[in-house]
Amino acid sequence: MAGHGAPSTSEPIIYIDHSDIREGSLDELKAGVRRLVDLIDAREPQLITYGFYIDDEAAKMTVVAVHPDSASLELHLDIGGPEFRKLAHFLTLTAIECYGRPSEGALDRLLRKAAMLGDGETVVSIGRFAGFTHLTSTTS
């Protein structure tokens, strides 16, 4: 089938990051995350999904975002950057996974985020080998 193996320059980007939450920081982190989500929701209508998953007992946080394309990821990193910095002292970023084909600019921003919130060596980017994307429902 056409397009099932061909990468697209406008394919969605799935972004996942993992962090350890510093002891005693959970409540402040949750408040900061709520502020960040409100800001992103108001300023990034193109973002398909944006979710924070917090395991209170394990003191771990995972962020999942689905962007329609690499430009959306770049915009998100530009808009969110100042807010990410405000959360830096509550967590340690342990990994960033990026699925899709982000631009060089987006990859550079991800590396800067990894350096700011983690050890700077936590970014993995993997392009899609095969598949398809349905961004709108085809059912009535």
# chains A, B, ... in the order shown; residues from 1 in each chain; ligands from 1

call {"tool": "closest_atom_pairs", "arguments": {"of": "range 80-102 of chain A", "to": "range 30-44 of chain A", "cutoff": "12 Å", "atoms": "only C-alpha atoms", "output": "JSON lines"}}
result
{"residue": "A:Gly80", "atom": "CA", "partner": "A:Ile40", "partner_atom": "CA", "distance": 7.1}
{"residue": "A:Gly81", "atom": "CA", "partner": "A:Leu36", "partner_atom": "CA", "distance": 10.2}
{"residue": "A:Pro82", "atom": "CA", "partner": "A:Leu36", "partner_atom": "CA", "distance": 9.8}
{"residue": "A:Glu83", "atom": "CA", "partner": "A:Leu36", "partner_atom": "CA", "distance": 6.3}
{"residue": "A:Phe84", "atom": "CA", "partner": "A:Leu36", "partner_atom": "CA", "distance": 8.0}
{"residue": "A:Arg85", "atom": "CA", "partner": "A:Gly32", "partner_atom": "CA", "distance": 10.6}
{"residue": "A:Lys86", "atom": "CA", "partner": "A:Gly32", "partner_atom": "CA", "distance": 7.7}
{"residue": "A:Leu87", "atom": "CA", "partner": "A:Gly32", "partner_atom": "CA", "distance": 6.6}
{"residue": "A:Ala88", "atom": "CA", "partner": "A:Gly32", "partner_atom": "CA", "distance": 10.3}
{"residue": "A:His89", "atom": "CA", "partner": "A:Gly32", "partner_atom": "CA", "distance": 11.1}
{"residue": "A:Phe90", "atom": "CA", "partner": "A:Gly32", "partner_atom": "CA", "distance": 9.4}
{"residue": "A:Leu91", "atom": "CA", "partner": "A:Lys30", "partner_atom": "CA", "distance": 11.2}

call {"tool": "write_last_selection", "arguments": {"atoms": "N, CA and C atoms", "output": "PDB file, in the first residue's frame"}}
result
ATOM      1  N   GLY A  80       7.319  26.209  25.929  1.00  0.00           N
ATOM      2  CA  GLY A  80       7.418  25.556  27.230  1.00  0.00           C
ATOM      3  C   GLY A  80       8.745  25.734  27.934  1.00  0.00           C
ATOM      4  N   GLY A  81       9.796  26.085  27.198  1.00  0.00           N
ATOM      5  CA  GLY A  81      11.135  26.172  27.777  1.00  0.00           C
ATOM      6  C   GLY A  81      11.230  26.913  29.095  1.00  0.00           C
ATOM      7  N   PRO A  82      10.709  28.139  29.187  1.00  0.00           N
ATOM      8  CA  PRO A  82      10.782  28.861  30.458  1.00  0.00           C
ATOM      9  C   PRO A  82      10.037  28.141  31.593  1.00  0.00           C
ATOM     10  N   GLU A  83       8.942  27.466  31.251  1.00  0.00           N
ATOM     11  CA  GLU A  83       8.186  26.727  32.271  1.00  0.00           C
ATOM     12  C   GLU A  83       8.911  25.453  32.680  1.00  0.00           C
ATOM     13  N   PHE A  84       9.568  24.776  31.726  1.00  0.00           N
ATOM     14  CA  PHE A  84      10.339  23.582  32.066  1.00  0.00           C
ATOM     15  C   PHE A  84      11.406  23.928  33.099  1.00  0.00           C
ATOM     16  N   ARG A  85      12.056  25.098  32.911  1.00  0.00           N
ATOM     17  CA  ARG A  85      13.113  25.519  33.834  1.00  0.00           C
ATOM     18  C   ARG A  85      12.582  25.653  35.257  1.00  0.00           C
ATOM     19  N   LYS A  86      11.341  26.112  35.393  1.00  0.00           N
ATOM     20  CA  LYS A  86      10.746  26.287  36.722  1.00  0.00           C
ATOM     21  C   LYS A  86      10.546  24.950  37.435  1.00  0.00           C
ATOM     22  N   LEU A  87      10.463  23.865  36.689  1.00  0.00           N
ATOM     23  CA  LEU A  87      10.258  22.541  37.271  1.00  0.00           C
ATOM     24  C   LEU A  87      11.573  21.804  37.528  1.00  0.00           C
ATOM     25  N   ALA A  88      12.677  22.358  37.052  1.00  0.00           N
ATOM     26  CA  ALA A  88      13.968  21.659  37.074  1.00  0.00           C
ATOM     27  C   ALA A  88      14.389  21.205  38.464  1.00  0.00           C
ATOM     28  N   HIS A  89      14.137  21.995  39.487  1.00  0.00           N
ATOM     29  CA  HIS A  89      14.607  21.618  40.819  1.00  0.00           C
ATOM     30  C   HIS A  89      13.700  20.599  41.516  1.00  0.00           C
ATOM     31  N   PHE A  90      12.625  20.170  40.851  1.00  0.00           N
ATOM     32  CA  PHE A  90      11.732  19.153  41.411  1.00  0.00           C
ATOM     33  C   PHE A  90      11.992  17.760  40.849  1.00  0.00           C
ATOM     34  N   LEU A  91      12.791  17.667  39.784  1.00  0.00           N
ATOM     35  CA  LEU A  91      12.949  16.372  39.122  1.00  0.00           C
ATOM     36  C   LEU A  91      14.300  16.252  38.447  1.00  0.00           C
TER      37      LEU A  91
END

call {"tool": "residues_around", "arguments": {"residues": "range 63-70 of chain A", "least_positions_apart": "3", "cutoff": "7 Å", "atoms": "only C-alpha atoms", "output": "VMD selection string"}}
result
chain A and resid 10 to 18 47 to 53 73 to 74 102 to 103 106

call {"tool": "closest_residue", "arguments": {"among": "A:Leu26, A:Ala130, A:Ile79, A:Ala71", "to": "Glu104 in chain A", "atoms": "only C-alpha atoms"}}
result
A:Ala71

call {"tool": "select_by_dssp", "arguments": {"residues": "chain A", "states": "strand (DSSP E)", "output": "PyMOL selection string"}}
result
chain A and resi 13-21+49-55+60-67+91-99+123-126

call {"tool": "select_by_dssp", "arguments": {"residues": "chain A", "states": "helix (DSSP H, G or I)", "output": "ChimeraX atom specification"}}
result
/A:26-43,70-90,104-117

call {"tool": "write_last_selection", "arguments": {"atoms": "C-alpha atoms", "output": "PDB file, in the first residue's frame"}}
result
ATOM      1  CA  LEU A  26       5.786  15.938  44.672  1.00  0.00           C
ATOM      2  CA  ASP A  27       3.178  18.531  45.687  1.00  0.00           C
ATOM      3  CA  GLU A  28       5.113  21.460  44.243  1.00  0.00           C
ATOM      4  CA  LEU A  29       5.819  19.495  41.062  1.00  0.00           C
ATOM      5  CA  LYS A  30       2.122  18.703  40.621  1.00  0.00           C
ATOM      6  CA  ALA A  31       1.207  22.379  41.033  1.00  0.00           C
ATOM      7  CA  GLY A  32       3.867  23.386  38.496  1.00  0.00           C
ATOM      8  CA  VAL A  33       2.699  20.729  36.040  1.00  0.00           C
ATOM      9  CA  ARG A  34      -0.888  22.010  36.277  1.00  0.00           C
ATOM     10  CA  ARG A  35       0.321  25.546  35.447  1.00  0.00           C
ATOM     11  CA  LEU A  36       2.372  24.209  32.536  1.00  0.00           C
ATOM     12  CA  VAL A  37      -0.569  22.214  31.151  1.00  0.00           C
ATOM     13  CA  ASP A  38      -2.841  25.280  31.341  1.00  0.00           C
ATOM     14  CA  LEU A  39      -0.267  27.390  29.485  1.00  0.00           C
ATOM     15  CA  ILE A  40       0.328  24.796  26.773  1.00  0.00           C
ATOM     16  CA  ASP A  41      -3.405  24.162  26.326  1.00  0.00           C
ATOM     17  CA  ALA A  42      -4.004  27.899  25.814  1.00  0.00           C
ATOM     18  CA  ARG A  43      -1.071  28.521  23.458  1.00  0.00           C
ATOM     19  CA  SER A  70       8.167  18.571  13.837  1.00  0.00           C
ATOM     20  CA  ALA A  71       7.243  22.273  13.678  1.00  0.00           C
ATOM     21  CA  SER A  72       4.749  21.673  16.498  1.00  0.00           C
ATOM     22  CA  LEU A  73       7.469  20.050  18.625  1.00  0.00           C
ATOM     23  CA  GLU A  74       9.782  23.013  18.009  1.00  0.00           C
ATOM     24  CA  LEU A  75       7.035  25.483  18.953  1.00  0.00           C
ATOM     25  CA  HIS A  76       6.268  23.491  22.088  1.00  0.00           C
ATOM     26  CA  LEU A  77       9.898  23.504  23.190  1.00  0.00           C
ATOM     27  CA  ASP A  78      10.133  27.261  22.582  1.00  0.00           C
ATOM     28  CA  ILE A  79       6.900  28.085  24.450  1.00  0.00           C
ATOM     29  CA  GLY A  80       7.418  25.556  27.230  1.00  0.00           C
ATOM     30  CA  GLY A  81      11.135  26.172  27.777  1.00  0.00           C
ATOM     31  CA  PRO A  82      10.782  28.861  30.458  1.00  0.00           C
ATOM     32  CA  GLU A  83       8.186  26.727  32.271  1.00  0.00           C
ATOM     33  CA  PHE A  84      10.339  23.582  32.066  1.00  0.00           C
ATOM     34  CA  ARG A  85      13.113  25.519  33.834  1.00  0.00           C
ATOM     35  CA  LYS A  86      10.746  26.287  36.722  1.00  0.00           C
ATOM     36  CA  LEU A  87      10.258  22.541  37.271  1.00  0.00           C
ATOM     37  CA  ALA A  88      13.968  21.659  37.074  1.00  0.00           C
ATOM     38  CA  HIS A  89      14.607  21.618  40.819  1.00  0.00           C
ATOM     39  CA  PHE A  90      11.732  19.153  41.411  1.00  0.00           C
ATOM     40  CA  GLU A 104      17.564  19.204  13.360  1.00  0.00           C
ATOM     41  CA  GLY A 105      16.212  22.272  15.183  1.00  0.00           C
ATOM     42  CA  ALA A 106      13.850  20.137  17.243  1.00  0.00           C
ATOM     43  CA  LEU A 107      16.616  17.654  18.066  1.00  0.00           C
ATOM     44  CA  ASP A 108      18.873  20.508  19.156  1.00  0.00           C
ATOM     45  CA  ARG A 109      16.126  21.824  21.459  1.00  0.00           C
ATOM     46  CA  LEU A 110      15.603  18.322  22.905  1.00  0.00           C
ATOM     47  CA  LEU A 111      19.323  18.043  23.657  1.00  0.00           C
ATOM     48  CA  ARG A 112      19.229  21.429  25.401  1.00  0.00           C
ATOM     49  CA  LYS A 113      16.210  20.315  27.454  1.00  0.00           C
ATOM     50  CA  ALA A 114      18.030  17.097  28.394  1.00  0.00           C
ATOM     51  CA  ALA A 115      21.073  19.107  29.510  1.00  0.00           C
ATOM     52  CA  MET A 116      18.911  21.486  31.556  1.00  0.00           C
ATOM     53  CA  LEU A 117      16.823  18.824  33.318  1.00  0.00           C
TER      54      LEU A 117
END

call {"tool": "residues_around", "arguments": {"residues": "Ser125 in chain A", "least_positions_apart": "4", "cutoff": "8 Å", "atoms": "only C-alpha atoms", "output": "PyMOL selection string"}}
result
chain A and resi 97-102

call {"tool": "write_last_selection", "arguments": {"atoms": "C-alpha atoms", "output": "PDB file, in the first residue's frame"}}
result
ATOM      1  CA  GLU A  97      12.295   9.250  23.488  1.00  0.00           C
ATOM      2  CA  CYS A  98      11.199  10.808  20.228  1.00  0.00           C
ATOM      3  CA  TYR A  99       9.391   8.700  17.625  1.00  0.00           C
ATOM      4  CA  GLY A 100       9.049  10.175  14.163  1.00  0.00           C
ATOM      5  CA  ARG A 101      11.410  12.397  12.210  1.00  0.00           C
ATOM      6  CA  PRO A 102      12.061  15.617  14.115  1.00  0.00           C
TER       7      PRO A 102
END

call {"tool": "decode", "arguments": {"residues": "range 81-97 of chain A", "atoms": "N, CA and C atoms", "output": "PDB file, in the first residue's frame"}}
result
ATOM      1  N   GLY A  81       9.796  26.085  27.198  1.00  0.00           N
ATOM      2  CA  GLY A  81      11.135  26.172  27.777  1.00  0.00           C
ATOM      3  C   GLY A  81      11.230  26.913  29.095  1.00  0.00           C
ATOM      4  N   PRO A  82      10.709  28.139  29.187  1.00  0.00           N
ATOM      5  CA  PRO A  82      10.782  28.861  30.458  1.00  0.00           C
ATOM      6  C   PRO A  82      10.037  28.141  31.593  1.00  0.00           C
ATOM      7  N   GLU A  83       8.942  27.466  31.251  1.00  0.00           N
ATOM      8  CA  GLU A  83       8.186  26.727  32.271  1.00  0.00           C
ATOM      9  C   GLU A  83       8.911  25.453  32.680  1.00  0.00           C
ATOM     10  N   PHE A  84       9.568  24.776  31.726  1.00  0.00           N
ATOM     11  CA  PHE A  84      10.339  23.582  32.066  1.00  0.00           C
ATOM     12  C   PHE A  84      11.406  23.928  33.099  1.00  0.00           C
ATOM     13  N   ARG A  85      12.056  25.098  32.911  1.00  0.00           N
ATOM     14  CA  ARG A  85      13.113  25.519  33.834  1.00  0.00           C
ATOM     15  C   ARG A  85      12.582  25.653  35.257  1.00  0.00           C
ATOM     16  N   LYS A  86      11.341  26.112  35.393  1.00  0.00           N
ATOM     17  CA  LYS A  86      10.746  26.287  36.722  1.00  0.00           C
ATOM     18  C   LYS A  86      10.546  24.950  37.435  1.00  0.00           C
ATOM     19  N   LEU A  87      10.463  23.865  36.689  1.00  0.00           N
ATOM     20  CA  LEU A  87      10.258  22.541  37.271  1.00  0.00           C
ATOM     21  C   LEU A  87      11.573  21.804  37.528  1.00  0.00           C
ATOM     22  N   ALA A  88      12.677  22.358  37.052  1.00  0.00           N
ATOM     23  CA  ALA A  88      13.968  21.659  37.074  1.00  0.00           C
ATOM     24  C   ALA A  88      14.389  21.205  38.464  1.00  0.00           C
ATOM     25  N   HIS A  89      14.137  21.995  39.487  1.00  0.00           N
ATOM     26  CA  HIS A  89      14.607  21.618  40.819  1.00  0.00           C
ATOM     27  C   HIS A  89      13.700  20.599  41.516  1.00  0.00           C
ATOM     28  N   PHE A  90      12.625  20.170  40.851  1.00  0.00           N
ATOM     29  CA  PHE A  90      11.732  19.153  41.411  1.00  0.00           C
ATOM     30  C   PHE A  90      11.992  17.760  40.849  1.00  0.00           C
ATOM     31  N   LEU A  91      12.791  17.667  39.784  1.00  0.00           N
ATOM     32  CA  LEU A  91      12.949  16.372  39.122  1.00  0.00           C
ATOM     33  C   LEU A  91      14.300  16.252  38.447  1.00  0.00           C
ATOM     34  N   THR A  92      14.600  15.032  38.037  1.00  0.00           N
ATOM     35  CA  THR A  92      15.773  14.757  37.212  1.00  0.00           C
ATOM     36  C   THR A  92      15.299  13.974  36.000  1.00  0.00           C
ATOM     37  N   LEU A  93      15.454  14.562  34.847  1.00  0.00           N
ATOM     38  CA  LEU A  93      15.090  13.910  33.600  1.00  0.00           C
ATOM     39  C   LEU A  93      16.029  12.733  33.368  1.00  0.00           C
ATOM     40  N   THR A  94      15.455  11.557  33.102  1.00  0.00           N
ATOM     41  CA  THR A  94      16.288  10.367  32.890  1.00  0.00           C
ATOM     42  C   THR A  94      16.300   9.902  31.444  1.00  0.00           C
ATOM     43  N   ALA A  95      15.307  10.272  30.650  1.00  0.00           N
ATOM     44  CA  ALA A  95      15.290   9.844  29.248  1.00  0.00           C
ATOM     45  C   ALA A  95      14.279  10.655  28.449  1.00  0.00           C
ATOM     46  N   ILE A  96      14.623  10.910  27.195  1.00  0.00           N
ATOM     47  CA  ILE A  96      13.697  11.473  26.213  1.00  0.00           C
ATOM     48  C   ILE A  96      13.681  10.513  25.032  1.00  0.00           C
ATOM     49  N   GLU A  97      12.479  10.094  24.659  1.00  0.00           N
ATOM     50  CA  GLU A  97      12.295   9.250  23.488  1.00  0.00           C
ATOM     51  C   GLU A  97      11.464  10.048  22.490  1.00  0.00           C
TER      52      GLU A  97
END
